[in-house]
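Colleague: For reference, this is upload33.cif, and it has mmCIF, C-alpha atoms.
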```cif
data_model
#
loop_
_atom_site.label_atom_id
_atom_site.label_comp_id
_atom_site.auth_asym_id
_atom_site.auth_seq_id
_atom_site.Cartn_x
_atom_site.Cartn_y
_atom_site.Cartn_z
CA MET B 1 -66.58 -23.89 117.95
CA LYS B 2 -68.28 -26.22 120.35
CA ILE B 3 -66.14 -24.81 123.16
CA ARG B 4 -67.12 -21.28 122.26
CA GLY B 5 -70.78 -22.18 122.08
CA SER B 6 -70.74 -23.77 125.53
CA THR B 7 -68.78 -20.78 126.92
CA VAL B 8 -71.40 -18.43 125.53
CA ILE B 9 -74.16 -20.51 127.07
CA VAL B 10 -72.39 -20.47 130.49
CA VAL B 11 -71.93 -16.70 130.27
CA LEU B 12 -75.60 -16.21 129.30
CA VAL B 13 -76.77 -18.44 132.17
CA ALA B 14 -74.53 -16.57 134.63
CA PHE B 15 -75.81 -13.23 133.30
CA PHE B 16 -79.41 -14.48 133.65
CA LEU B 17 -78.73 -15.60 137.26
CA ILE B 18 -77.20 -12.23 138.14
CA ILE B 19 -80.25 -10.41 136.75
CA CYS B 20 -82.58 -12.72 138.68
CA MET B 21 -80.64 -12.18 141.91
CA ALA B 22 -80.69 -8.42 141.38
CA TYR B 23 -84.45 -8.56 140.93
CA ILE B 24 -84.92 -10.66 144.08
CA VAL B 25 -82.43 -8.77 146.29
CA ARG B 26 -83.10 -5.34 144.77
CA PRO B 27 -80.01 -3.49 146.04
CA TYR B 28 -81.12 -0.35 144.23
CA GLN B 29 -84.49 -0.17 145.99
CA THR B 30 -84.95 2.64 148.51
CA GLU B 31 -86.69 2.41 151.87
CA ALA B 32 -90.38 3.08 152.14
CA PRO B 33 -91.10 6.80 152.63
CA GLY B 34 -90.99 7.85 156.28
CA LYS B 35 -89.54 4.59 157.55
CA LYS B 36 -86.04 5.98 158.01
CA ASP B 37 -87.45 9.15 159.61
CA ARG B 38 -89.31 7.09 162.22
CA GLU B 39 -86.22 5.01 162.93
CA ALA B 40 -84.06 8.15 163.19
CA ALA B 41 -86.54 9.76 165.58
CA ARG B 42 -86.57 6.64 167.73
CA SER B 43 -82.79 6.44 167.84
CA ASP B 44 -82.62 10.18 168.69
CA THR B 45 -84.84 9.66 171.72
CA GLU B 46 -82.76 6.66 172.73
CA ARG B 47 -79.63 8.82 172.48
CA THR B 48 -81.19 11.77 174.31
CA LEU B 49 -78.93 12.79 177.12
CA PRO B 50 -80.38 12.89 180.58
CA VAL B 51 -81.00 16.37 181.92
CA TRP B 52 -80.35 17.03 185.55
CA VAL B 53 -82.12 20.38 185.64
CA ASN B 54 -84.38 22.13 183.16
CA PRO B 55 -83.37 25.81 183.41
CA GLN B 56 -86.84 27.03 182.41
CA ASP B 57 -88.69 24.96 185.02
CA VAL B 58 -86.35 24.83 187.99
CA VAL B 59 -87.65 26.57 191.09
CA SER B 60 -84.85 25.66 193.50
CA ILE B 61 -81.83 23.44 193.95
CA GLU B 62 -80.73 22.47 197.43
CA TRP B 63 -77.29 20.86 197.58
CA ASP B 64 -76.33 19.23 200.86
CA GLY B 65 -72.85 17.75 200.62
CA LYS B 66 -69.77 16.82 202.59
CA ARG B 67 -67.68 19.62 201.10
CA THR B 68 -70.29 22.28 200.37
CA SER B 69 -73.94 23.09 200.89
CA TRP B 70 -75.98 25.71 199.09
CA LEU B 71 -79.47 26.72 197.98
CA LEU B 72 -80.12 28.30 194.59
CA GLN B 73 -83.68 29.47 194.05
CA ARG B 74 -85.78 31.74 191.92
CA THR B 75 -86.96 34.90 193.56
CA ASP B 76 -90.42 36.28 193.04
CA GLN B 77 -91.75 39.81 192.81
CA THR B 78 -92.87 39.86 196.43
CA ASP B 79 -89.22 39.79 197.52
CA GLY B 80 -88.61 43.03 195.65
CA GLU B 81 -86.44 41.20 193.10
CA GLU B 82 -87.03 40.71 189.39
CA ALA B 83 -89.62 38.05 188.51
CA ASN B 84 -86.92 35.83 186.98
CA GLY B 85 -84.23 36.68 189.50
CA TRP B 86 -82.17 34.21 191.47
CA SER B 87 -80.71 34.00 194.93
CA LEU B 88 -77.88 31.84 196.23
CA ASN B 89 -78.13 31.16 199.96
CA GLY B 90 -80.53 34.10 200.21
CA LYS B 91 -78.15 36.54 198.51
CA PRO B 92 -79.16 37.91 195.06
CA ALA B 93 -77.42 36.18 192.15
CA ALA B 94 -77.21 37.26 188.53
CA GLU B 95 -79.36 35.32 186.09
CA SER B 96 -76.29 34.66 183.92
CA ASP B 97 -74.45 33.14 186.90
CA ALA B 98 -77.41 30.92 187.74
CA GLY B 99 -77.67 29.88 184.09
CA ARG B 100 -73.98 28.92 183.98
CA LEU B 101 -74.38 26.89 187.15
CA LEU B 102 -77.42 25.02 185.78
CA SER B 103 -75.59 24.39 182.51
CA GLN B 104 -72.56 23.09 184.38
CA MET B 105 -74.78 20.69 186.33
CA ASN B 106 -76.35 19.36 183.13
CA SER B 107 -72.97 18.86 181.50
CA LEU B 108 -71.92 16.68 184.45
CA MET B 109 -74.89 14.40 183.88
CA ALA B 110 -74.43 14.37 180.09
CA LYS B 111 -70.76 13.38 180.34
CA GLY B 112 -71.69 10.22 182.20
CA ALA B 113 -74.73 9.27 180.15
CA GLY B 114 -72.81 6.89 177.90
CA ASN B 115 -71.26 5.05 180.84
CA LYS B 116 -74.30 4.66 183.05
CA ARG B 117 -74.63 1.44 184.97
CA PRO B 118 -77.29 -0.19 187.11
CA ALA B 119 -77.47 1.57 190.47
CA ALA B 120 -77.76 -1.83 192.17
CA SER B 121 -74.27 -2.73 190.90
CA LEU B 122 -72.59 -0.10 193.12
CA LYS B 123 -70.63 -1.79 195.90
CA ASN B 124 -70.08 -0.33 199.40
CA GLU B 125 -71.09 3.13 198.21
CA THR B 126 -71.32 6.05 200.61
CA ILE B 127 -73.49 9.10 200.07
CA ASP B 128 -71.36 12.14 199.30
CA SER B 129 -74.16 14.64 198.64
CA THR B 130 -77.91 14.91 198.34
CA VAL B 131 -79.39 17.23 195.72
CA THR B 132 -83.06 18.19 195.89
CA ILE B 133 -84.49 19.92 192.82
CA LYS B 134 -87.92 21.52 192.70
CA ASN B 135 -89.40 22.01 189.21
CA GLY B 136 -92.49 23.57 187.69
CA SER B 137 -95.36 25.55 189.05
CA ASN B 138 -96.27 22.70 191.42
CA ALA B 139 -92.66 22.59 192.69
CA ASP B 140 -92.40 18.86 192.00
CA GLU B 141 -89.44 17.55 193.95
CA THR B 142 -86.76 15.18 192.64
CA VAL B 143 -83.95 13.93 194.86
CA TYR B 144 -80.56 12.84 193.53
CA LEU B 145 -77.97 11.01 195.56
CA ILE B 146 -74.32 11.45 194.74
CA ALA B 147 -72.47 8.37 195.86
CA ALA B 148 -68.81 7.43 196.14
CA GLU B 149 -67.53 3.92 195.71
CA PRO B 150 -64.31 2.98 197.57
CA ALA B 151 -63.05 0.98 194.58
CA ALA B 152 -63.05 4.07 192.34
CA ASP B 153 -62.06 7.15 194.32
CA ASP B 154 -61.87 9.41 191.24
CA ILE B 155 -65.53 8.85 190.27
CA LEU B 156 -68.80 9.84 191.90
CA TRP B 157 -72.17 8.44 190.84
CA ILE B 158 -75.34 10.50 190.32
CA ILE B 159 -78.37 8.40 191.19
CA PRO B 160 -81.81 9.90 190.46
CA SER B 161 -84.41 8.83 193.03
CA GLY B 162 -86.43 5.90 191.79
CA ALA B 163 -84.14 5.36 188.80
CA SER B 164 -82.38 2.12 188.08
CA PHE B 165 -79.22 3.70 186.63
CA ALA B 166 -76.31 5.62 188.11
CA TYR B 167 -74.36 8.16 186.04
CA PRO B 168 -70.61 8.58 186.58
CA VAL B 169 -69.01 11.96 187.22
CA PHE B 170 -65.31 12.57 187.66
CA VAL B 171 -64.47 14.02 191.06
CA LYS B 172 -62.41 16.76 189.37
CA ASP B 173 -65.52 17.87 187.40
CA MET B 174 -67.59 17.89 190.59
CA GLU B 175 -64.90 19.98 192.29
CA LEU B 176 -65.08 22.51 189.43
CA LEU B 177 -68.82 22.83 190.01
CA GLU B 178 -68.26 23.29 193.72
CA LYS B 179 -65.61 25.96 193.06
CA SER B 180 -68.04 27.81 190.77
CA VAL B 181 -70.62 27.82 193.55
CA ASP B 182 -68.06 28.96 196.13
CA ARG B 183 -67.03 31.84 193.82
CA LEU B 184 -70.66 32.89 193.48
CA LYS B 185 -71.13 32.72 197.26
CA THR B 186 -68.25 35.16 197.83
CA SER B 187 -68.85 37.48 194.85
CA PRO B 188 -70.52 40.85 195.42
CA SER B 189 -74.26 41.03 194.85
CA PRO B 190 -75.34 42.07 191.32
CA GLU B 191 -76.86 45.51 191.05
#
```
As structure tokens, please, write out the structure in this file.
Modeller:
Amino acid sequence: MKIRGSTVIVVLVAFFLIICMAYIVRPYQTEAPGKKDREAARSDTERTLPVWVNPQDVVSIEWDGKRTSWLLQRTDQTDGEEANGWSLNGKPAAESDAGRLLSQMNSLMAKGAGNKRPAASLKNETIDSTVTIKNGSNADETVYLIAAEPAADDILWIIPSGASFAYPVFVKDMELLEKSVDRLKTSPSPE
């Protein structure tokens, strides 16, 4: 019976220690109200993908590249076009076509957001294209350089002016964008 008594005491002490640890650690306790929401909001802004163009604010995009050059801009009522119309190289363009082009540009930037790297780390880069975007009623201008690095001939790098990061874009994706623009250049004007 002495063995059973000491076994019972050991079990009771272990049970008491487990209860004390549960009280101290409190694994069942929930977070303070709102704390998780603030952390989630912060992590959402950290994960926010960079946007190359804001379709609602863009006034014009001038693309000057080795393979293609073009100018997409909003038209105003004084040109006899719709207030929210578009022109590509001075030729009227459908709003849906312009929207697809802007969306395609943003998807290029978003694809590379997770693999960005410091722009200063690019070695022996050459400028492939220069993209000038005017936004807002003040036509604020932002310039992006698209650079090629000899070590990686299948990747181009989008470098926003004044930014410390470069965003990778596959050459094949850039060529798809260029083909879309070339198709729009040769398509008949929308009525």
Colleague: Show which residues sit within 8 Å of Leu177 (chain B), as a list in words. Count all atoms listed in the file, and ignore same-chain residues fewer than 2 positions away.
Modeller: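 Answer for this query is Leu101, Gln104, Met105, Asp173, Met174, Glu175, Lys179, Ser180 and Val181 of chain B.
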Colleague: For this file, the PyMOL selection byres ((chain B and resi 67) around 12) selects which residues, as a ChimeraX atom specification?
Modeller: /B:63-66,68-70,128-130,171,174-175,177-179,181-182
Colleague: Just C-alpha atoms for this one: save the residues we selected as a PDB file, keeping the file's coordinate frame.
Modeller:
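Now in part-v1.pdb:
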```pdb
ATOM      1  CA  TRP B  63     -77.290  20.860 197.580  1.00  0.00           C
ATOM      2  CA  ASP B  64     -76.330  19.230 200.860  1.00  0.00           C
ATOM      3  CA  GLY B  65     -72.850  17.750 200.620  1.00  0.00           C
ATOM      4  CA  LYS B  66     -69.770  16.820 202.590  1.00  0.00           C
ATOM      5  CA  THR B  68     -70.290  22.280 200.370  1.00  0.00           C
ATOM      6  CA  SER B  69     -73.940  23.090 200.890  1.00  0.00           C
ATOM      7  CA  TRP B  70     -75.980  25.710 199.090  1.00  0.00           C
ATOM      8  CA  ASP B 128     -71.360  12.140 199.300  1.00  0.00           C
ATOM      9  CA  SER B 129     -74.160  14.640 198.640  1.00  0.00           C
ATOM     10  CA  THR B 130     -77.910  14.910 198.340  1.00  0.00           C
ATOM     11  CA  VAL B 171     -64.470  14.020 191.060  1.00  0.00           C
ATOM     12  CA  MET B 174     -67.590  17.890 190.590  1.00  0.00           C
ATOM     13  CA  GLU B 175     -64.900  19.980 192.290  1.00  0.00           C
ATOM     14  CA  LEU B 177     -68.820  22.830 190.010  1.00  0.00           C
ATOM     15  CA  GLU B 178     -68.260  23.290 193.720  1.00  0.00           C
ATOM     16  CA  LYS B 179     -65.610  25.960 193.060  1.00  0.00           C
ATOM     17  CA  VAL B 181     -70.620  27.820 193.550  1.00  0.00           C
ATOM     18  CA  ASP B 182     -68.060  28.960 196.130  1.00  0.00           C
TER      19      ASP B 182
END
```
Colleague: Can you work out the spacing between CA of Phe170 (chain B) and CA of Arg183 (chain B) in Å, to one decimal?
Modeller: 20.3 Å
Colleague: To one decimal place in Å, what is the distance between CA of Phe165 (chain B) and CA of Arg100 (chain B)?
Modeller: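 Interatomic distance here is 25.9 Å.
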Colleague: I need the output of the PyMOL selection byres ((chain B and resi 52) around 8) for this file as a PyMOL selection string; which residues are they?
Modeller: chain B and resi 50-51+53-54+105-106+109
Colleague: What gap, in Å, lies between CA of Pro168 (chain B) and CA of Ser96 (chain B)?
Modeller: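 Atom-to-atom, CA of Pro168 (chain B) and CA of Ser96 (chain B) are spaced 26.8 Å apart.
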